[in-house]
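**Q** Sharing a structure here in structure tokens format.
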Amino acid sequence: MKKLLLLLASLTLVFTLAACGSGSKDNSSGKSVGDSSASENWKDKDPSEIKGDITVITQRTDIVDTVFKDYAKEFQKKYPNVNVNFEALTDYGGEIMPRMNTKDYGDVLLIPTQIPIADIPRYFEPLGSLEDMQKDYLGVEERAVDGKVYGIPIAMTYTGVIYNKKVFEEAGVEKLPKTREEFLDALQKVKDNTDAIPMYTNYAAGWPLTQWEGAVTTTAGDVDYYNVKMLDDPTPFDKGDVHYNHYKLMFDVANKGIIEKEALTTDWESSKTMMNQGKIATMVLGSWALEQIQGAGENGDDIAIMPYPTDADKVIFPLGADFNIAVNKNSENKDAAMAWVDWFIHDSGYSVEQAGGISAAKDVPLPDALKEAEEEGALFLTLTPSPEDKQGLADKIDKEAEVGLWLEDRKKEIIEAAIGNRKESYDDIMKKWNEDWKAAYDKIVNK
């Protein structure tokens, strides 16, 4: 349930993506996995020529006997001579890693994050050249080695503001708010003109407050901010800085009384149903939650997602990659394995319907829930990676400082101060964050 946004490699292409769950699922572009790989011949064969039994290993124990079985049936309509078996692992990394010392780790699987990137070619078949595959896929640079791609993200996830379109309409919000001021005005209209809660923070659950960090790049309007520019700033919470402005919105919505009245007793599970029923207007969450809220009642079509409000020139949905799907280099049926990977990425609908993201394939359209944001000019971009000598630096500083960028405790302090349960002002809180961060920065960077 808790999927935090992963911050990944650089990509500054604006693209048109497709909802696997709506409209045609035909791969009309003709593009396919393996176009430039050592196993490229599979794509030139008639689907009926591709034969064999393959085992697909997945982490989705919850849908392996339902959704995945349906996938196999659909896949066999195109590849009738391929038999697909599934194996689901509860502790994916812990269970798959011992098997990597053998040849028995399925035909198609997810690249374990525990495997050093440099070692990936020992275990997996190349899918194509990085140069070629970046033209057609997002996030493939994450598991590339020496200019070759070995895995494709099963979904690209993002963070934004999930909202109820019907509530906005009833409140008189005629277009999606882009700026911070427009967003606050929209929430005030919800409060004044409807019975819905303008924004639900899920304070009591706590962890939903960590989701806000995933949208910092939207506030910055800059894919270089998080992994590059912030690393050179010993006090990133100064007034006017990106993080200061970002969490000022959290403080303001609580301070203005446009959040749930009983913030200390919120409930995550019931909030999904409440939003589906139109009792909540907005929540800041990762895209993974979109499907859950849409499925929490009969009004799924009312639920959509928009970018976090920003005063930046660019409106960016920051993308992160889920697990990468790959082919075992020891597979005896590589053509069939390649065909499954290609079909799964382009035609299964998994990325939207099950992972709550968008497809890594650029020829697949955006889901309907993102159509309005797309029409308003939102960009879908991955983040610039940290320089090699600074990889992991932000996490080290954050851990030492105990600010907890991706933790809930200090986010709760912001809500508590805003509703009057703490004496500190917002500036007092940011000053303390700065002091702690700088002390850690000096200890780690300036040692």
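Letters for chains follow the order of the structure tokens (A, B, ...), residue numbers begin at 1 for each chain, and ligand numbers begin at 1 in the order shown.
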Any chance you could list, as a ChimeraX atom specification, the residues in range 185-409 of chain A that come up strand (DSSP E or B) when DSSP is run on the backbone?

**A** /A:197-199,259,280-286,303-306,316-321,324-328,358,361,365-366,379-382

**Q** What are the DSSP alpha helix (DSSP H) residues of range 182-314 of chain A, as a PyMOL selection string?

**A** chain A and resi 182-193+216-220+242-255+268-276+288-294

**Q** If we count only C-alpha atoms, what is near Leu285 in chain A at a cut-off of 7 Å, once residues fewer than 6 positions away on the same chain are taken out, given as a list in words?

**A**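 Final neighbour list, sorted by chain and number: Thr159, Gly160, Val161, Ile162, Pro208, Gln211 and Trp212 of chain A.
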
**Q** Under the rule of at most 8 Å, produce a per-residue listing of range 279-361 of chain A near range 59-77 of chain A: chain, number, name, the closest pair of atoms, and the distance in Å, as a tab-separated table, using only C-alpha atoms.

**A**
residue	atom	partner	partner_atom	distance
A:Trp340	CA	A:Phe75	CA	7.5
A:Trp343	CA	A:Phe75	CA	7.1
A:Ser348	CA	A:Tyr71	CA	6.5

**Q** Write out as CSV a residue-level contact list of range 259-307 of chain A versus range 315-326 of chain A with cut-off 12 Å: for each qualifying residue the closest pair of atoms and the distance in Å to one decimal, counting only C-alpha atoms, rows sorted by chain and residue number upward.

**A**
residue,atom,partner,partner_atom,distance
A:Gly286,CA,A:Leu319,CA,10.3
A:Ser287,CA,A:Leu319,CA,10.0
A:Trp288,CA,A:Asp322,CA,10.7
A:Ile305,CA,A:Phe317,CA,10.5
A:Met306,CA,A:Phe317,CA,8.7
A:Pro307,CA,A:Phe317,CA,6.1

**Q** Can you tell me which residues surround Ile293 in chain A at a distance of at most 12 Å, considering only C-alpha atoms, apart from same-chain residues fewer than 2 positions away, and format the answer as a PyMOL selection string?

**A** chain A and resi 1+162-164+268-278+280+282-283+285-291+295-305+356+369

**Q** Filtering to N, CA, C and O atoms, could you give me those residues as a compact mmCIF listing (two decimals), in the first residue's frame?

**A**
# COMPACT_ATOMS: atom_id res chain seq x y z
N MET A 1 0.83 -1.20 0.00
CA MET A 1 0.00 0.00 0.00
C MET A 1 0.86 1.24 0.00
O MET A 1 0.55 2.23 -0.63
N ILE A 162 -4.55 13.94 -5.78
CA ILE A 162 -5.73 13.21 -6.22
C ILE A 162 -6.95 14.04 -5.83
O ILE A 162 -7.04 14.55 -4.72
N TYR A 163 -7.88 14.20 -6.76
CA TYR A 163 -9.02 15.07 -6.50
C TYR A 163 -10.31 14.48 -7.05
O TYR A 163 -10.30 13.61 -7.94
N ASN A 164 -11.42 14.95 -6.52
CA ASN A 164 -12.74 14.53 -6.97
C ASN A 164 -13.27 15.59 -7.93
O ASN A 164 -13.55 16.72 -7.53
N TRP A 268 -7.12 6.10 7.22
CA TRP A 268 -6.76 5.95 5.81
C TRP A 268 -7.78 5.14 5.02
O TRP A 268 -8.23 5.57 3.95
N GLU A 269 -8.17 3.98 5.51
CA GLU A 269 -9.06 3.11 4.75
C GLU A 269 -10.40 3.79 4.47
O GLU A 269 -10.91 3.75 3.35
N SER A 270 -10.96 4.42 5.47
CA SER A 270 -12.25 5.08 5.26
C SER A 270 -12.12 6.32 4.39
O SER A 270 -13.07 6.69 3.69
N SER A 271 -10.94 6.95 4.38
CA SER A 271 -10.76 8.15 3.56
C SER A 271 -10.89 7.85 2.08
O SER A 271 -11.35 8.70 1.30
N LYS A 272 -10.49 6.64 1.67
CA LYS A 272 -10.61 6.28 0.26
C LYS A 272 -12.09 6.22 -0.16
O LYS A 272 -12.46 6.74 -1.23
N THR A 273 -12.91 5.62 0.69
CA THR A 273 -14.34 5.54 0.40
C THR A 273 -14.97 6.92 0.43
O THR A 273 -15.80 7.27 -0.42
N MET A 274 -14.57 7.73 1.42
CA MET A 274 -15.11 9.08 1.53
C MET A 274 -14.81 9.92 0.30
O MET A 274 -15.66 10.66 -0.19
N MET A 275 -13.61 9.78 -0.22
CA MET A 275 -13.26 10.56 -1.41
C MET A 275 -14.05 10.08 -2.62
O MET A 275 -14.52 10.87 -3.43
N ASN A 276 -14.20 8.77 -2.74
CA ASN A 276 -14.99 8.21 -3.84
C ASN A 276 -16.44 8.71 -3.78
O ASN A 276 -17.07 8.95 -4.82
N GLN A 277 -16.95 8.89 -2.56
CA GLN A 277 -18.33 9.34 -2.37
C GLN A 277 -18.49 10.85 -2.47
O GLN A 277 -19.61 11.35 -2.36
N GLY A 278 -17.39 11.58 -2.66
CA GLY A 278 -17.49 13.03 -2.78
C GLY A 278 -17.47 13.74 -1.45
O GLY A 278 -17.82 14.93 -1.37
N ILE A 280 -14.64 14.08 0.29
CA ILE A 280 -13.30 14.67 0.34
C ILE A 280 -12.97 15.18 -1.05
O ILE A 280 -13.21 14.49 -2.05
N THR A 282 -9.65 16.62 -2.00
CA THR A 282 -8.26 16.40 -2.43
C THR A 282 -7.46 15.65 -1.38
O THR A 282 -7.73 15.75 -0.18
N MET A 283 -6.44 14.93 -1.85
CA MET A 283 -5.42 14.33 -1.00
C MET A 283 -4.11 14.30 -1.79
O MET A 283 -4.11 14.00 -2.98
N LEU A 285 -1.01 12.40 -2.73
CA LEU A 285 -0.61 10.99 -2.69
C LEU A 285 0.14 10.60 -3.96
O LEU A 285 0.11 11.31 -4.96
N GLY A 286 0.77 9.44 -3.89
CA GLY A 286 1.39 8.88 -5.07
C GLY A 286 0.35 8.28 -5.99
O GLY A 286 -0.78 7.98 -5.58
N SER A 287 0.73 8.08 -7.24
CA SER A 287 -0.21 7.57 -8.24
C SER A 287 -0.73 6.18 -7.89
O SER A 287 -1.79 5.78 -8.34
N TRP A 288 0.02 5.44 -7.08
CA TRP A 288 -0.40 4.10 -6.68
C TRP A 288 -1.78 4.12 -6.01
O TRP A 288 -2.53 3.14 -6.05
N ALA A 289 -2.13 5.26 -5.37
CA ALA A 289 -3.39 5.34 -4.62
C ALA A 289 -4.59 5.62 -5.52
O ALA A 289 -5.74 5.45 -5.11
N LEU A 290 -4.33 6.04 -6.75
CA LEU A 290 -5.41 6.42 -7.65
C LEU A 290 -6.39 5.27 -7.87
O LEU A 290 -7.61 5.43 -7.71
N GLU A 291 -5.87 4.10 -8.21
CA GLU A 291 -6.72 2.95 -8.48
C GLU A 291 -7.47 2.52 -7.22
O GLU A 291 -8.64 2.13 -7.30
N GLY A 295 -11.49 2.55 -6.96
CA GLY A 295 -12.16 1.30 -6.71
C GLY A 295 -12.84 1.20 -5.36
O GLY A 295 -13.39 0.14 -5.00
N ALA A 296 -12.86 2.29 -4.60
CA ALA A 296 -13.42 2.27 -3.25
C ALA A 296 -14.92 2.59 -3.21
O ALA A 296 -15.48 2.81 -2.15
N GLY A 297 -15.56 2.62 -4.36
CA GLY A 297 -16.98 2.91 -4.44
C GLY A 297 -17.44 2.90 -5.88
O GLY A 297 -16.74 2.42 -6.77
N GLU A 298 -18.60 3.47 -6.10
CA GLU A 298 -19.21 3.43 -7.43
C GLU A 298 -18.89 4.64 -8.29
O GLU A 298 -19.37 4.75 -9.42
N ASN A 299 -18.06 5.54 -7.77
CA ASN A 299 -17.83 6.80 -8.48
C ASN A 299 -16.39 6.96 -8.95
O ASN A 299 -15.82 8.05 -8.87
N GLY A 300 -15.81 5.87 -9.43
CA GLY A 300 -14.41 5.89 -9.85
C GLY A 300 -14.11 6.91 -10.92
O GLY A 300 -13.02 7.49 -10.95
N ASP A 301 -15.08 7.19 -11.79
CA ASP A 301 -14.85 8.14 -12.88
C ASP A 301 -14.70 9.57 -12.37
O ASP A 301 -14.23 10.44 -13.11
N ASP A 302 -15.11 9.81 -11.13
CA ASP A 302 -15.00 11.16 -10.56
C ASP A 302 -13.59 11.45 -10.04
O ASP A 302 -13.26 12.61 -9.73
N ILE A 303 -12.76 10.41 -9.93
CA ILE A 303 -11.46 10.56 -9.30
C ILE A 303 -10.36 10.71 -10.34
O ILE A 303 -10.23 9.91 -11.27
N ALA A 304 -9.54 11.75 -10.19
CA ALA A 304 -8.43 12.01 -11.11
C ALA A 304 -7.24 12.53 -10.31
O ALA A 304 -7.31 12.64 -9.08
N ILE A 305 -6.17 12.85 -11.01
CA ILE A 305 -4.97 13.36 -10.33
C ILE A 305 -4.41 14.55 -11.10
O ILE A 305 -4.44 14.56 -12.34
N GLY A 356 -0.85 1.53 -10.74
CA GLY A 356 -1.22 2.91 -10.48
C GLY A 356 -0.28 3.93 -11.06
O GLY A 356 -0.10 5.02 -10.53
N ALA A 369 -7.44 9.59 -16.17
CA ALA A 369 -7.30 10.38 -14.94
C ALA A 369 -6.27 11.50 -15.09
O ALA A 369 -6.25 12.43 -14.30

**Q** Under the rule that only C-alpha atoms are counted, which of A:Thr157, A:Ser425, A:Thr194, A:Thr179 is the nearest residue to Phe251 in chain A?

**A**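 Closest to Phe251 in chain A, using only C-alpha atoms: A:Ser425.
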
**Q** Please provide the set of residues having any atom within 12 Å of Arg122 in chain A, restricted to only C-alpha atoms, with same-chain residues fewer than 5 positions apart removed, written as a VMD selection string.

**A** chain A and resid 100 to 103 111 115 to 117 145 150 327 to 330

**Q** Which is closest to Phe168 in chain A among A:Ala118, A:Ala394, A:Ala281, A:Met230, if we use only C-alpha atoms?

**A**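 Smallest separation from Phe168 in chain A among the options: A:Ala281.
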
**Q** With only C-alpha atoms as the counted atoms, please give the residues lying no more than 9 Å from range 432-444 of chain A, apart from itself and same-chain residues fewer than 5 positions off, as a list in words.

**A**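 Once the nearby chain positions are removed, what remains is Asp233, Pro234, Thr235, Pro236, Phe237, Asp238, Leu393, Lys396, Ile397, Asp398, Lys399, Glu400, Ala401, Glu402, Val403, Arg410 and Asp427 of chain A.
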
**Q** Using only C-alpha atoms, find the one residue out of A:His243, A:Lys148, A:Lys189, A:Lys279 that sits nearest to Gly214 in chain A.

**A**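 Closest to Gly214 in chain A, using only C-alpha atoms: A:His243.
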
**Q** Would you please work out which residue, of A:Ala144, A:Ala220, A:Val82, A:Ile419, is nearest to Asp311 in chain A when using only C-alpha atoms?

**A**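 The answer is A:Ala220, which sits nearest to Asp311 in chain A.
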
**Q** Rank nothing, just name the residue among A:Val190, A:Met156, A:Leu264, A:Ile54 nearest to Lys412 in chain A, using only C-alpha atoms.

**A**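 Selected residue with least distance to Lys412 in chain A: A:Leu264.
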
**Q** Which residues come within 6 Å of Ala360 in chain A, counting only C-alpha atoms, excluding same-chain residues fewer than 3 positions away, as an MDAnalysis selection string?

**A** chainID A and resid 137:138 155:156

**Q** Pick the closest to Asn193 in chain A from A:Glu262, A:Asp389, A:Glu169, A:Glu213: which is it, counting only C-alpha atoms?

**A**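 Nearest to Asn193 in chain A: A:Glu169.
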